[in-house]
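Have a look at target29.csv; it's CSV, C-alpha atoms and all ligand atoms:
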```csv
chain,number,residue,atom,x,y,z
A,203,MET,CA,14.5,158.0,-71.1
A,204,LEU,CA,14.8,155.8,-74.2
A,205,VAL,CA,18.2,154.3,-74.7
A,206,LYS,CA,19.3,152.1,-77.6
A,207,VAL,CA,21.5,149.5,-75.9
A,208,CYS,CA,22.6,147.6,-79.0
A,209,ASP,CA,21.0,146.2,-82.1
A,210,ASN,CA,17.4,145.2,-81.5
A,211,LEU,CA,17.5,146.2,-77.9
A,212,TYR,CA,16.2,149.3,-76.2
A,213,ALA,CA,15.9,150.4,-72.6
A,214,PHE,CA,13.3,152.7,-71.1
A,215,VAL,CA,15.3,153.8,-68.1
A,216,TRP,CA,13.4,155.1,-65.2
A,217,ASP,CA,14.9,158.4,-63.9
A,218,ASP,CA,12.2,159.8,-61.6
A,219,TYR,CA,13.5,158.9,-58.1
A,220,THR,CA,10.4,160.3,-56.4
A,221,GLN,CA,8.4,157.3,-57.7
A,222,ASN,CA,8.9,153.6,-57.7
A,223,ASN,CA,9.0,152.1,-61.1
A,224,CYS,CA,11.3,149.8,-62.9
A,225,ASN,CA,13.4,149.9,-66.1
A,226,ALA,CA,11.6,148.4,-69.0
A,227,PHE,CA,13.3,146.8,-72.0
A,228,LEU,CA,12.3,146.1,-75.6
A,229,ILE,CA,13.7,143.5,-77.9
A,230,ASP,CA,12.6,144.5,-81.4
A,231,SER,CA,13.4,141.5,-83.5
A,232,SER,CA,11.3,139.0,-85.6
A,233,ARG,CA,8.9,139.3,-82.6
A,234,ARG,CA,8.7,142.3,-80.2
A,235,ILE,CA,9.3,141.4,-76.6
A,236,LEU,CA,8.7,143.8,-73.7
A,237,ILE,CA,10.3,143.0,-70.4
A,238,ASP,CA,9.1,144.4,-67.1
A,239,PRO,CA,6.6,147.1,-68.3
A,240,GLY,CA,6.3,148.7,-64.9
A,241,HIS,CA,3.5,150.2,-62.9
A,242,ALA,CA,0.2,150.8,-64.8
A,243,HIS,CA,-0.1,154.5,-63.8
A,244,LEU,CA,3.5,155.1,-65.0
A,245,PHE,CA,3.2,153.3,-68.3
A,246,GLY,CA,3.1,156.6,-70.2
A,247,HIS,CA,6.9,156.7,-69.9
A,248,VAL,CA,7.2,153.4,-71.8
A,249,GLN,CA,4.5,154.3,-74.2
A,250,LYS,CA,6.3,157.5,-75.1
A,251,GLY,CA,9.4,155.6,-75.8
A,252,LEU,CA,7.6,153.1,-78.0
A,253,GLU,CA,6.1,156.0,-79.9
A,254,THR,CA,9.5,157.4,-80.5
A,255,LEU,CA,10.3,154.1,-82.2
A,256,GLY,CA,7.1,154.2,-84.2
A,257,LEU,CA,5.5,151.5,-82.1
A,258,THR,CA,2.3,151.2,-80.1
A,259,PRO,CA,1.5,148.7,-77.3
A,260,SER,CA,-0.6,146.7,-79.6
A,261,MET,CA,2.5,145.9,-81.7
A,262,ILE,CA,4.1,144.1,-78.8
A,263,ASP,CA,4.0,140.3,-79.2
A,264,VAL,CA,5.0,139.2,-75.8
A,265,VAL,CA,5.3,140.7,-72.3
A,266,LEU,CA,7.7,139.0,-69.9
A,267,VAL,CA,8.2,139.9,-66.3
A,268,THR,CA,11.2,139.0,-64.1
A,269,HIS,CA,9.1,138.7,-61.0
A,270,GLY,CA,5.6,139.4,-59.6
A,271,HIS,CA,6.1,142.8,-57.9
A,272,PRO,CA,3.6,145.5,-59.2
A,273,ASP,CA,6.4,148.0,-60.1
A,274,HIS,CA,7.5,145.4,-62.7
A,275,LEU,CA,4.3,143.6,-63.6
A,276,GLU,CA,1.2,145.8,-63.3
A,277,SER,CA,1.3,147.3,-66.8
A,278,ALA,CA,1.0,143.8,-68.3
A,279,LEU,CA,-2.7,144.2,-67.5
A,280,LEU,CA,-2.9,147.0,-70.2
A,281,PHE,CA,-2.0,144.5,-73.0
A,282,LYS,CA,-4.7,142.6,-74.8
A,283,ASP,CA,-4.9,139.6,-77.0
A,284,PRO,CA,-3.0,138.7,-79.1
A,285,THR,CA,-0.1,140.0,-77.0
A,286,GLN,CA,1.0,137.2,-74.8
A,287,PHE,CA,2.1,137.4,-71.2
A,288,ALA,CA,4.5,135.2,-69.2
A,289,MET,CA,6.0,135.0,-65.7
A,290,SER,CA,7.2,132.2,-63.5
A,291,LEU,CA,4.7,129.8,-62.1
A,292,THR,CA,6.2,130.1,-58.6
A,293,ASP,CA,5.7,133.9,-58.5
A,294,TYR,CA,2.3,133.7,-60.1
A,295,HIS,CA,1.1,131.5,-57.2
A,296,PHE,CA,3.1,133.4,-54.6
A,297,ILE,CA,1.6,136.8,-55.6
A,298,LEU,CA,-1.9,135.4,-55.9
A,299,GLU,CA,-1.7,134.0,-52.4
A,300,LEU,CA,0.0,137.1,-51.0
A,301,ALA,CA,-2.3,139.7,-52.5
A,302,GLY,CA,-5.5,137.8,-53.0
A,303,SER,CA,-8.1,139.8,-54.8
A,304,ALA,CA,-6.4,143.1,-53.8
A,305,TYR,CA,-4.0,142.8,-56.8
A,306,LYS,CA,-5.2,141.9,-60.2
A,307,LEU,CA,-2.9,139.6,-62.1
A,308,PRO,CA,-3.0,139.0,-65.8
A,309,GLU,CA,-3.5,135.4,-66.8
A,310,PRO,CA,-0.2,134.1,-68.1
A,311,ASP,CA,-0.3,132.5,-71.6
A,312,PHE,CA,2.7,130.5,-70.6
A,313,PHE,CA,5.1,130.2,-67.7
A,314,LEU,CA,8.8,131.1,-67.6
A,315,ARG,CA,10.7,128.0,-66.6
A,316,GLU,CA,14.4,127.3,-66.1
A,317,GLY,CA,16.0,126.5,-69.5
A,318,ASP,CA,15.9,127.8,-73.1
A,319,LEU,CA,13.0,129.9,-74.2
A,320,ALA,CA,12.7,130.7,-77.9
A,321,ILE,CA,10.5,133.6,-79.0
A,322,GLY,CA,10.8,134.2,-82.7
A,323,ASP,CA,14.5,134.4,-83.6
A,324,VAL,CA,15.4,135.3,-80.0
A,325,THR,CA,16.5,132.6,-77.6
A,326,PHE,CA,16.8,133.3,-73.9
A,327,GLU,CA,18.2,131.3,-71.1
A,328,VAL,CA,15.7,131.5,-68.3
A,329,ILE,CA,17.4,131.2,-64.9
A,330,ASP,CA,15.6,130.6,-61.7
A,331,THR,CA,17.0,133.2,-59.3
A,332,PRO,CA,15.0,133.2,-56.0
A,333,GLY,CA,15.8,135.4,-53.1
A,334,HIS,CA,14.1,138.7,-53.8
A,335,THR,CA,10.9,136.8,-54.5
A,336,PRO,CA,10.6,133.0,-54.5
A,337,GLY,CA,9.9,132.9,-58.2
A,338,SER,CA,12.2,135.6,-59.6
A,339,VAL,CA,13.9,134.8,-62.9
A,340,CYS,CA,16.7,136.4,-64.8
A,341,LEU,CA,16.7,136.3,-68.6
A,342,TYR,CA,20.0,135.9,-70.4
A,343,TRP,CA,20.2,136.6,-74.1
A,344,PRO,CA,23.4,134.9,-75.3
A,345,ALA,CA,23.3,136.4,-78.8
A,346,ARG,CA,23.8,139.9,-77.3
A,347,ARG,CA,25.3,138.7,-74.1
A,348,ALA,CA,22.6,140.7,-72.3
A,349,LEU,CA,21.5,139.9,-68.8
A,350,PHE,CA,18.1,141.1,-67.6
A,351,SER,CA,18.5,140.8,-63.9
A,352,GLY,CA,15.2,142.1,-62.5
A,353,ASP,CA,15.6,142.9,-58.8
A,354,VAL,CA,18.3,140.3,-58.2
A,355,VAL,CA,21.3,142.5,-58.7
A,356,PHE,CA,21.8,146.2,-59.6
A,357,PRO,CA,24.7,148.5,-60.3
A,358,GLN,CA,26.4,148.6,-56.9
A,359,GLY,CA,23.5,146.8,-55.2
A,360,ILE,CA,21.3,143.8,-54.7
A,361,GLY,CA,17.5,143.2,-54.4
A,362,ARG,CA,15.8,143.5,-51.1
A,363,THR,CA,15.3,140.3,-49.1
A,364,ASP,CA,13.2,141.7,-46.3
A,365,LEU,CA,9.9,141.7,-48.3
A,366,PRO,CA,7.5,138.7,-48.1
A,367,GLY,CA,9.1,135.6,-49.6
A,368,GLY,CA,12.6,137.1,-49.5
A,369,SER,CA,15.7,135.0,-48.6
A,370,GLY,CA,19.3,136.3,-48.2
A,371,PRO,CA,21.0,132.9,-48.7
A,372,ALA,CA,18.8,132.2,-51.8
A,373,LEU,CA,19.7,135.5,-53.2
A,374,LYS,CA,23.4,134.9,-52.7
A,375,GLU,CA,23.2,131.6,-54.4
A,376,SER,CA,21.2,133.2,-57.3
A,377,ILE,CA,23.8,135.9,-57.8
A,378,ARG,CA,26.6,133.3,-57.7
A,379,ARG,CA,24.8,131.6,-60.7
A,380,ILE,CA,24.4,134.7,-62.8
A,381,MET,CA,27.8,136.1,-62.2
A,382,LYS,CA,29.3,133.2,-64.1
A,383,LEU,CA,27.5,134.3,-67.3
A,384,ASP,CA,29.4,136.0,-70.1
A,385,ALA,CA,27.5,139.3,-70.0
A,386,ASP,CA,28.3,142.5,-71.8
A,387,TYR,CA,25.2,144.2,-70.6
A,388,LEU,CA,23.7,144.2,-67.1
A,389,LEU,CA,20.1,145.3,-67.6
A,390,SER,CA,18.7,145.5,-64.1
A,391,GLY,CA,15.2,146.4,-62.8
A,392,HIS,CA,16.4,149.7,-61.2
A,393,GLY,CA,19.3,152.0,-61.6
A,394,GLU,CA,21.6,152.6,-64.6
A,395,ILE,CA,22.5,150.3,-67.4
A,396,LEU,CA,25.9,148.7,-67.3
A,397,ALA,CA,27.6,148.2,-70.6
A,398,GLY,CA,30.9,146.4,-71.2
A,399,ARG,CA,32.1,143.1,-70.0
A,400,ASP,CA,34.6,144.6,-67.6
A,401,GLU,CA,32.1,146.9,-66.1
A,402,VAL,CA,29.6,144.1,-65.5
A,403,ALA,CA,32.3,141.8,-64.1
A,404,ARG,CA,33.6,144.7,-61.8
A,405,ASN,CA,30.0,145.2,-60.6
A,406,PHE,CA,29.6,141.6,-59.6
A,407,ARG,CA,32.9,141.7,-57.8
A,408,THR,CA,31.7,144.8,-55.9
A,409,VAL,CA,28.5,143.1,-55.0
A,410,GLU,CA,30.4,140.0,-53.8
A,411,ASP,CA,32.9,142.0,-51.8
A,412,TYR,CA,30.4,144.3,-50.2
A,413,TRP,CA,27.0,142.7,-50.1
A,414,PHE,CA,27.5,138.9,-49.7
A,415,LYS,CA,28.4,139.3,-46.0
A,416,TYR,CA,24.9,140.6,-45.3
A,417,LEU,CA,23.2,137.7,-47.0
A,501,ZN,ZN,10.8,143.7,-56.8
```

Would you mind writing the file out in structure tokens?
Ligand SMILES: [Zn+2]
Amino acid sequence: MLVKVCDNLYAFVWDDYTQNNCNAFLIDSSRRILIDPGHAHLFGHVQKGLETLGLTPSMIDVVLVTHGHPDHLESALLFKDPTQFAMSLTDYHFILELAGSAYKLPEPDFFLREGDLAIGDVTFEVIDTPGHTPGSVCLYWPARRALFSGDVVFPQGIGRTDLPGGSGPALKESIRRIMKLDADYLLSGHGEILAGRDEVARNFRTVEDYWFKYL
């Protein structure tokens, strides 16, 4: 389902609960940025949304992923030069070691590092948020107060920490960091989109009250 979140920002919300795929997001600004394109065999869902906007995959300038799990990253393999690809260095090495040759990884053109990242007229804050995977990052776009939280935090929930490389204490610390941000939109890797500052703040409070004791 294609949703316009706000100016220049679209969500491809995954609504088939029988399959595991993530929400993908498009920033359509001076450069086109696709975040978490999802599983390769399920990419048709994103492609259809792009077509609705009059776009094709070859018109995407940069693909970014929040972490190295295939349900977020795999479709990055479908993009060819000159589309660039970036993920964190930590997750790149982590996934390479974990999966070996069983899982093909696209070669990053650059790595996502903690701090500011400018792509065209869009500047993100890249925030290291380990816990779900060792190299998970969240992307915060201050100009829209939009937080792309990957699998760190969801509406009413948190990312799994029982998978390889997971850590409950690290996830708790990561959530503590991102809950301080001034976010009007919580755009997480799975589940619905949360819009409105109060909604986002309420969700973080729920997560803190309910989930922190398990981490
Ligand atoms: Zn994941």

### Task
Taking all atoms listed in the file into account, report as a PyMOL selection string which residues have an atom no farther than 8 Å from an atom of ligand ZN 501 (chain A).
chain A and resi 269-274+334-335+352-353+361-362+391

Write out as JSON lines the residues of segment 313-390 of chain A that have any atom within 12 Å of an atom of segment 238-247 of chain A, one row each with the nearest atom pair and its distance in Å to one decimal, counting only C-alpha atoms, sorted by chain and then rising number.
```
{"residue": "A:Ser338", "atom": "CA", "partner": "A:Asp238", "partner_atom": "CA", "distance": 12.0}
{"residue": "A:Val339", "atom": "CA", "partner": "A:Asp238", "partner_atom": "CA", "distance": 11.5}
{"residue": "A:Cys340", "atom": "CA", "partner": "A:Asp238", "partner_atom": "CA", "distance": 11.3}
{"residue": "A:Leu341", "atom": "CA", "partner": "A:Asp238", "partner_atom": "CA", "distance": 11.2}
{"residue": "A:Phe350", "atom": "CA", "partner": "A:Asp238", "partner_atom": "CA", "distance": 9.6}
{"residue": "A:Ser351", "atom": "CA", "partner": "A:Asp238", "partner_atom": "CA", "distance": 10.6}
{"residue": "A:Gly352", "atom": "CA", "partner": "A:Asp238", "partner_atom": "CA", "distance": 8.0}
{"residue": "A:Asp353", "atom": "CA", "partner": "A:Asp238", "partner_atom": "CA", "distance": 10.6}
{"residue": "A:Leu389", "atom": "CA", "partner": "A:Asp238", "partner_atom": "CA", "distance": 11.0}
{"residue": "A:Ser390", "atom": "CA", "partner": "A:Asp238", "partner_atom": "CA", "distance": 10.1}
```

### Message
Please determine, counting only C-alpha atoms, which residue among A:Val207, A:Leu291, A:Ile380, A:Ala372 has the shortest atom-to-atom distance to Asp230 of chain A.
### Response
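With only C-alpha atoms as the atom set, the closest residue is A:Val207.
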
### Query
If you count all atoms listed in the file, which residues fall within 8 Å of Gly251 of chain A, apart from same-chain ones fewer than 4 positions away, as a list in words?
Met203, Leu204, Phe214, His247 and Leu255 of chain A

### Query
Nearest to Glu276 of chain A: which of A:Ala397, A:Ala213, A:Leu373, A:Cys224 is it, counting only C-alpha atoms?
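Ranked by minimum distance to Glu276 of chain A, first place goes to A:Cys224.
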
### Top pick for closest residue to Phe281 of chain A, considering A:Leu236, A:Tyr305, A:Thr254, A:Phe414 and counting all atoms listed in the file
A:Leu236
